[in-house]
$ cat run-v2.txt   # compact mmCIF, C-alpha atoms and all ligand atoms
# COMPACT_ATOMS: atom_id res chain seq x y z
CA MET A 660 -16.63 12.43 2.85
CA GLU A 661 -17.61 8.82 2.35
CA ILE A 662 -15.22 6.22 3.79
CA ARG A 663 -14.35 4.81 0.36
CA GLU A 664 -13.44 8.28 -0.95
CA LYS A 665 -11.50 9.14 2.20
CA ILE A 666 -9.31 6.03 1.85
CA LYS A 667 -8.81 6.60 -1.89
CA SER A 668 -7.89 10.25 -1.34
CA ALA A 669 -5.07 9.03 0.93
CA GLY A 670 -3.70 7.04 -2.02
CA LEU A 671 -4.86 3.62 -0.77
CA LYS A 672 -7.16 1.00 -2.27
CA ALA A 673 -10.50 0.97 -0.46
CA THR A 674 -10.51 -2.77 0.32
CA PRO A 675 -13.36 -4.20 2.43
CA GLN A 676 -10.97 -4.62 5.37
CA ARG A 677 -9.70 -1.05 5.15
CA ARG A 678 -13.27 0.26 4.93
CA ALA A 679 -14.35 -1.80 7.97
CA ILE A 680 -11.36 -0.73 10.07
CA TYR A 681 -11.76 2.94 9.15
CA GLU A 682 -15.44 2.71 10.06
CA ILE A 683 -14.49 1.29 13.48
CA MET A 684 -12.05 4.18 13.96
CA GLN A 685 -14.74 6.72 13.03
CA ASP A 686 -16.93 5.10 15.67
CA VAL A 687 -14.38 4.97 18.51
CA CYS A 688 -12.06 7.91 17.57
CA HIS A 689 -9.23 6.73 19.89
CA CYS A 690 -8.48 3.02 20.15
CA PRO A 691 -5.74 0.53 21.07
CA ILE A 692 -4.94 -2.16 18.47
CA ASP A 693 -6.36 -5.03 20.58
CA GLU A 694 -9.79 -3.39 20.62
CA ILE A 695 -9.69 -2.80 16.86
CA ILE A 696 -8.76 -6.47 16.35
CA SER A 697 -11.61 -7.73 18.55
CA ARG A 698 -14.13 -5.43 16.82
CA MET A 699 -12.88 -6.59 13.41
CA LYS A 700 -13.19 -10.25 14.49
CA GLU A 701 -16.88 -9.58 15.22
CA ILE A 702 -17.46 -8.16 11.73
CA GLN A 703 -15.03 -10.34 9.73
CA PRO A 704 -14.13 -13.46 11.79
CA ASP A 705 -11.51 -14.62 9.26
CA VAL A 706 -9.46 -11.40 9.40
CA THR A 707 -5.89 -11.98 10.61
CA ILE A 708 -4.15 -9.93 13.28
CA SER A 709 -1.30 -9.15 10.86
CA THR A 710 -3.82 -7.74 8.35
CA VAL A 711 -5.19 -5.37 11.00
CA TYR A 712 -1.65 -4.27 11.90
CA ARG A 713 -0.80 -3.75 8.20
CA VAL A 714 -3.96 -1.70 7.61
CA MET A 715 -3.31 0.46 10.68
CA ASP A 716 0.29 1.05 9.55
CA SER A 717 -0.88 2.03 6.05
CA PHE A 718 -3.46 4.42 7.54
CA CYS A 719 -0.78 6.09 9.69
CA GLU A 720 1.78 6.28 6.86
CA SER A 721 -0.78 7.82 4.50
CA GLY A 722 -1.90 10.38 7.09
CA LEU A 723 -5.42 9.01 7.59
CA LEU A 724 -4.74 8.28 11.25
CA THR A 725 -2.21 9.27 13.88
CA LYS A 726 -1.07 7.35 16.94
CA PHE A 727 0.36 8.24 20.31
CA VAL A 728 1.68 6.41 23.35
CA THR A 729 0.05 6.90 26.75
CA ALA A 730 2.01 7.42 29.97
CA ASP A 731 1.54 3.72 30.77
CA GLY A 732 2.98 2.68 27.41
CA LYS A 733 -0.15 1.85 25.46
CA THR A 734 -0.25 2.79 21.76
CA ILE A 735 -3.51 4.49 20.85
CA PHE A 736 -4.64 5.01 17.26
CA ASP A 737 -6.39 8.30 16.64
CA ILE A 738 -8.89 9.31 13.93
CA THR A 739 -7.75 12.96 14.16
CA PRO A 740 -4.95 13.15 11.59
CA TYR A 741 -3.14 16.28 12.79
CA GLU A 742 -1.18 17.45 15.85
CA HIS A 743 -3.37 17.92 18.93
CA HIS A 744 -3.37 17.23 22.66
CA HIS A 745 -5.32 14.84 24.87
CA ILE A 746 -7.04 14.59 28.19
CA GLN A 747 -7.07 10.95 29.35
CA THR A 748 -9.98 10.38 31.72
CA THR A 749 -10.17 7.88 34.58
CA ASP A 750 -12.19 5.47 32.43
CA ASN A 751 -9.37 5.48 29.79
CA GLY A 752 -11.34 7.72 27.46
CA PHE A 753 -9.58 10.43 25.47
CA ILE A 754 -10.78 13.96 24.87
CA ASP A 755 -9.12 15.91 22.04
CA VAL A 756 -7.70 19.31 22.89
CA ASP A 757 -7.20 21.14 19.61
CA ASP A 758 -5.57 24.37 20.80
CA LYS A 759 -3.07 25.92 18.39
CA GLN A 760 -2.41 28.84 20.78
CA LEU A 761 -1.32 26.38 23.49
CA THR A 762 1.02 24.63 21.04
CA THR A 763 2.49 27.96 19.91
CA LEU A 764 2.99 29.07 23.53
CA ILE A 765 4.86 25.86 24.37
CA LYS A 766 7.06 26.26 21.29
CA LYS A 767 7.97 29.83 22.31
CA ARG A 768 8.76 28.75 25.88
CA VAL A 769 11.06 25.84 24.98
CA LEU A 770 12.78 26.94 21.74
CA ASP A 771 15.80 28.45 23.56
CA LYS A 772 16.23 25.25 25.58
CA LEU A 773 16.74 23.02 22.54
CA PRO A 774 20.25 21.78 21.73
CA ALA A 775 21.99 23.54 18.82
CA GLY A 776 20.90 22.12 15.48
CA GLU A 777 17.70 20.60 16.89
CA ASP A 778 14.16 21.72 16.16
CA ILE A 779 10.79 20.71 17.60
CA ASP A 780 9.30 17.77 15.72
CA GLN A 781 5.96 17.50 17.45
CA ILE A 782 4.23 18.60 20.61
CA GLN A 783 1.64 16.36 22.18
CA ILE A 784 0.47 17.09 25.69
CA GLN A 785 -1.30 14.35 27.61
CA ILE A 786 -3.26 15.40 30.63
CA THR A 787 -4.53 12.63 32.87
CA THR A 788 -7.43 13.07 35.25
CA LYS A 789 -8.35 11.62 38.64
CA SER A 790 -11.69 11.42 40.32
CA LYS A 791 -12.53 14.35 42.60
CA LEU A 792 -14.35 11.89 44.85
CA GLN A 793 -11.12 10.01 45.71
CA GLU A 794 -9.71 13.14 47.37
CA ALA A 795 -12.63 13.58 49.77
ZN ZN B 801 -7.00 12.61 19.54
$ encode --input "run-v2.txt" --output "structure tokens"
Amino acid sequence: MEIREKIKSAGLKATPQRRAIYEIMQDVCHCPIDEIISRMKEIQPDVTISTVYRVMDSFCESGLLTKFVTADGKTIFDITPYEHHHIQTTDNGFIDVDDKQLTTLIKKRVLDKLPAGEDIDQIQIQITTKSKLQEA
């Protein structure tokens, strides 16, 4: 689907800024806000930081993007708009792990450990890697 249509189908106006930011996200797939801001400044030097934050919030609220927090506290925006897991590589890249069986298995294993009246909201596993060479 074309970017303009994708944004409209989420119930948002396809403004030039929204189209540019969504295009960046399609290019990078997983990205912290500071990198999105610096890429936007290259394309549209007069864009404000608050505009980028507002657009990212509207994308997340409308279900166009998701976000997650890494083990070291960094918020990463994600072009994949549904629940999935990640492998974070040593160069801070992210590989999607879309494995419904894994998610179902985790649910089955932890359901009886939840407090009464609580249910699982979301499951996001983050696996980090280390270089095999460092162990040698
Ligand atoms: Zn992802």
$ residues_near_point --input "run-v2.txt" --point "(-15.4, 3.2, 16.2)" --cutoff "12 Å" --atoms "all atoms listed in the file" --output "JSON list (two decimals) with C-alpha atoms, keeping the file's coordinate frame"
[["chain", "number", "residue", "atom", "x", "y", "z"],
["A", 678, "ARG", "CA", -13.27, 0.26, 4.93],
["A", 679, "ALA", "CA", -14.35, -1.80, 7.97],
["A", 680, "ILE", "CA", -11.36, -0.73, 10.07],
["A", 681, "TYR", "CA", -11.76, 2.94, 9.15],
["A", 682, "GLU", "CA", -15.44, 2.71, 10.06],
["A", 683, "ILE", "CA", -14.49, 1.29, 13.48],
["A", 684, "MET", "CA", -12.05, 4.18, 13.96],
["A", 685, "GLN", "CA", -14.74, 6.72, 13.03],
["A", 686, "ASP", "CA", -16.93, 5.10, 15.67],
["A", 687, "VAL", "CA", -14.38, 4.97, 18.51],
["A", 688, "CYS", "CA", -12.06, 7.91, 17.57],
["A", 689, "HIS", "CA", -9.23, 6.73, 19.89],
["A", 690, "CYS", "CA", -8.48, 3.02, 20.15],
["A", 691, "PRO", "CA", -5.74, 0.53, 21.07],
["A", 692, "ILE", "CA", -4.94, -2.16, 18.47],
["A", 694, "GLU", "CA", -9.79, -3.39, 20.62],
["A", 695, "ILE", "CA", -9.69, -2.80, 16.86],
["A", 696, "ILE", "CA", -8.76, -6.47, 16.35],
["A", 697, "SER", "CA", -11.61, -7.73, 18.55],
["A", 698, "ARG", "CA", -14.13, -5.43, 16.82],
["A", 699, "MET", "CA", -12.88, -6.59, 13.41],
["A", 736, "PHE", "CA", -4.64, 5.01, 17.26],
["A", 737, "ASP", "CA", -6.39, 8.30, 16.64],
["A", 738, "ILE", "CA", -8.89, 9.31, 13.93]]
$ closest_residue --input "run-v2.txt" --among "A:Thr707, A:Ile782, A:Asp757, A:Asp750" --to "Val769 in chain A" --atoms "all atoms listed in the file"
A:Ile782
$ axis_aligned_box --input "run-v2.txt" --around "range 720-739 of chain A" --padding-each-side "8 Å" --output "JSON"
{"center_x": -3.0, "center_y": 7.4, "center_z": 17.6, "size_x": 27.9, "size_y": 27.1, "size_z": 42.3}
$ residues_near_ligand --input "run-v2.txt" --ligand "ligand ZN 801 (chain B)" --cutoff "12 Å" --atoms "all atoms listed in the file" --output "PyMOL selection string"
chain A and resi 684-685+687-690+724-729+735-747+752-758+783-785
$ atom_distance --input "run-v2.txt" --atom1 "CA of Glu664 in chain A" --atom2 "CA of Val706 in chain A"
22.6 Å
$ atom_distance --input "run-v2.txt" --atom1 "CA of Leu761 in chain A" --atom2 "CA of Pro774 in chain A"
22.1 Å
$ atom_distance --input "run-v2.txt" --atom1 "CA of Thr748 in chain A" --atom2 "CA of Ser790 in chain A"
8.8 Å
$ closest_residue --input "run-v2.txt" --among "A:Met660, A:Ile765, A:Met715, A:Ile702" --to "Arg677 in chain A" --atoms "all atoms listed in the file"
A:Met715
$ residues_around --input "run-v2.txt" --residues "Arg663 in chain A" --least-positions-apart "4" --cutoff "9 Å" --atoms "only C-alpha atoms" --output "ChimeraX atom specification"
/A:667-668,672-674,677-678
$ closest_residue --input "run-v2.txt" --among "A:Thr710, A:Asp693, A:Asn751, A:Glu701" --to "Ile786 in chain A" --atoms "only C-alpha atoms"
A:Asn751
$ closest_residue --input "run-v2.txt" --among "A:Val711, A:Leu764, A:Cys719, A:Ile662" --to "Gln676 in chain A" --atoms "only C-alpha atoms"
A:Val711
$ build_atoms --input "run-v2.txt" --residues "range 661-682 of chain A" --atoms "N, CA and C atoms" --output "PDB file, keeping the file's coordinate frame"
ATOM      1  N   GLU A 661     -17.333  10.249   2.157  1.00  0.00           N
ATOM      2  CA  GLU A 661     -17.610   8.820   2.350  1.00  0.00           C
ATOM      3  C   GLU A 661     -16.298   8.062   2.631  1.00  0.00           C
ATOM      4  N   ILE A 662     -16.405   6.978   3.378  1.00  0.00           N
ATOM      5  CA  ILE A 662     -15.220   6.220   3.790  1.00  0.00           C
ATOM      6  C   ILE A 662     -14.375   5.789   2.591  1.00  0.00           C
ATOM      7  N   ARG A 663     -15.059   5.259   1.562  1.00  0.00           N
ATOM      8  CA  ARG A 663     -14.350   4.810   0.360  1.00  0.00           C
ATOM      9  C   ARG A 663     -13.522   5.941  -0.251  1.00  0.00           C
ATOM     10  N   GLU A 664     -14.124   7.115  -0.357  1.00  0.00           N
ATOM     11  CA  GLU A 664     -13.440   8.280  -0.950  1.00  0.00           C
ATOM     12  C   GLU A 664     -12.290   8.740  -0.060  1.00  0.00           C
ATOM     13  N   LYS A 665     -12.522   8.700   1.236  1.00  0.00           N
ATOM     14  CA  LYS A 665     -11.500   9.140   2.200  1.00  0.00           C
ATOM     15  C   LYS A 665     -10.243   8.270   2.057  1.00  0.00           C
ATOM     16  N   ILE A 666     -10.440   6.957   1.982  1.00  0.00           N
ATOM     17  CA  ILE A 666      -9.310   6.030   1.850  1.00  0.00           C
ATOM     18  C   ILE A 666      -8.611   6.233   0.510  1.00  0.00           C
ATOM     19  N   LYS A 667      -9.390   6.380  -0.561  1.00  0.00           N
ATOM     20  CA  LYS A 667      -8.810   6.600  -1.890  1.00  0.00           C
ATOM     21  C   LYS A 667      -8.031   7.911  -1.950  1.00  0.00           C
ATOM     22  N   SER A 668      -8.563   8.943  -1.298  1.00  0.00           N
ATOM     23  CA  SER A 668      -7.890  10.250  -1.340  1.00  0.00           C
ATOM     24  C   SER A 668      -6.550  10.215  -0.601  1.00  0.00           C
ATOM     25  N   ALA A 669      -6.359   9.197   0.254  1.00  0.00           N
ATOM     26  CA  ALA A 669      -5.070   9.030   0.930  1.00  0.00           C
ATOM     27  C   ALA A 669      -4.116   8.182   0.087  1.00  0.00           C
ATOM     28  N   GLY A 670      -4.561   7.800  -1.124  1.00  0.00           N
ATOM     29  CA  GLY A 670      -3.700   7.040  -2.020  1.00  0.00           C
ATOM     30  C   GLY A 670      -3.729   5.547  -1.787  1.00  0.00           C
ATOM     31  N   LEU A 671      -4.756   5.057  -1.079  1.00  0.00           N
ATOM     32  CA  LEU A 671      -4.860   3.620  -0.770  1.00  0.00           C
ATOM     33  C   LEU A 671      -6.057   3.022  -1.483  1.00  0.00           C
ATOM     34  N   LYS A 672      -6.002   1.705  -1.731  1.00  0.00           N
ATOM     35  CA  LYS A 672      -7.160   1.000  -2.270  1.00  0.00           C
ATOM     36  C   LYS A 672      -8.181   0.818  -1.159  1.00  0.00           C
ATOM     37  N   ALA A 673      -9.440   1.073  -1.478  1.00  0.00           N
ATOM     38  CA  ALA A 673     -10.500   0.970  -0.460  1.00  0.00           C
ATOM     39  C   ALA A 673     -10.992  -0.471  -0.359  1.00  0.00           C
ATOM     40  N   THR A 674     -10.136  -1.355   0.170  1.00  0.00           N
ATOM     41  CA  THR A 674     -10.510  -2.770   0.320  1.00  0.00           C
ATOM     42  C   THR A 674     -11.583  -2.902   1.408  1.00  0.00           C
ATOM     43  N   PRO A 675     -12.334  -4.014   1.397  1.00  0.00           N
ATOM     44  CA  PRO A 675     -13.360  -4.200   2.430  1.00  0.00           C
ATOM     45  C   PRO A 675     -12.779  -4.119   3.848  1.00  0.00           C
ATOM     46  N   GLN A 676     -11.572  -4.682   4.045  1.00  0.00           N
ATOM     47  CA  GLN A 676     -10.970  -4.620   5.370  1.00  0.00           C
ATOM     48  C   GLN A 676     -10.613  -3.187   5.769  1.00  0.00           C
ATOM     49  N   ARG A 677     -10.036  -2.451   4.846  1.00  0.00           N
ATOM     50  CA  ARG A 677      -9.700  -1.050   5.150  1.00  0.00           C
ATOM     51  C   ARG A 677     -10.962  -0.246   5.466  1.00  0.00           C
ATOM     52  N   ARG A 678     -12.023  -0.486   4.683  1.00  0.00           N
ATOM     53  CA  ARG A 678     -13.270   0.260   4.930  1.00  0.00           C
ATOM     54  C   ARG A 678     -13.839  -0.084   6.308  1.00  0.00           C
ATOM     55  N   ALA A 679     -13.806  -1.374   6.665  1.00  0.00           N
ATOM     56  CA  ALA A 679     -14.350  -1.800   7.970  1.00  0.00           C
ATOM     57  C   ALA A 679     -13.544  -1.222   9.124  1.00  0.00           C
ATOM     58  N   ILE A 680     -12.216  -1.248   8.993  1.00  0.00           N
ATOM     59  CA  ILE A 680     -11.360  -0.730  10.070  1.00  0.00           C
ATOM     60  C   ILE A 680     -11.518   0.783  10.202  1.00  0.00           C
ATOM     61  N   TYR A 681     -11.590   1.477   9.066  1.00  0.00           N
ATOM     62  CA  TYR A 681     -11.760   2.940   9.150  1.00  0.00           C
ATOM     63  C   TYR A 681     -13.109   3.286   9.780  1.00  0.00           C
ATOM     64  N   GLU A 682     -14.130   2.482   9.468  1.00  0.00           N
ATOM     65  CA  GLU A 682     -15.440   2.710  10.060  1.00  0.00           C
ATOM     66  C   GLU A 682     -15.399   2.518  11.585  1.00  0.00           C
TER      67      GLU A 682
END
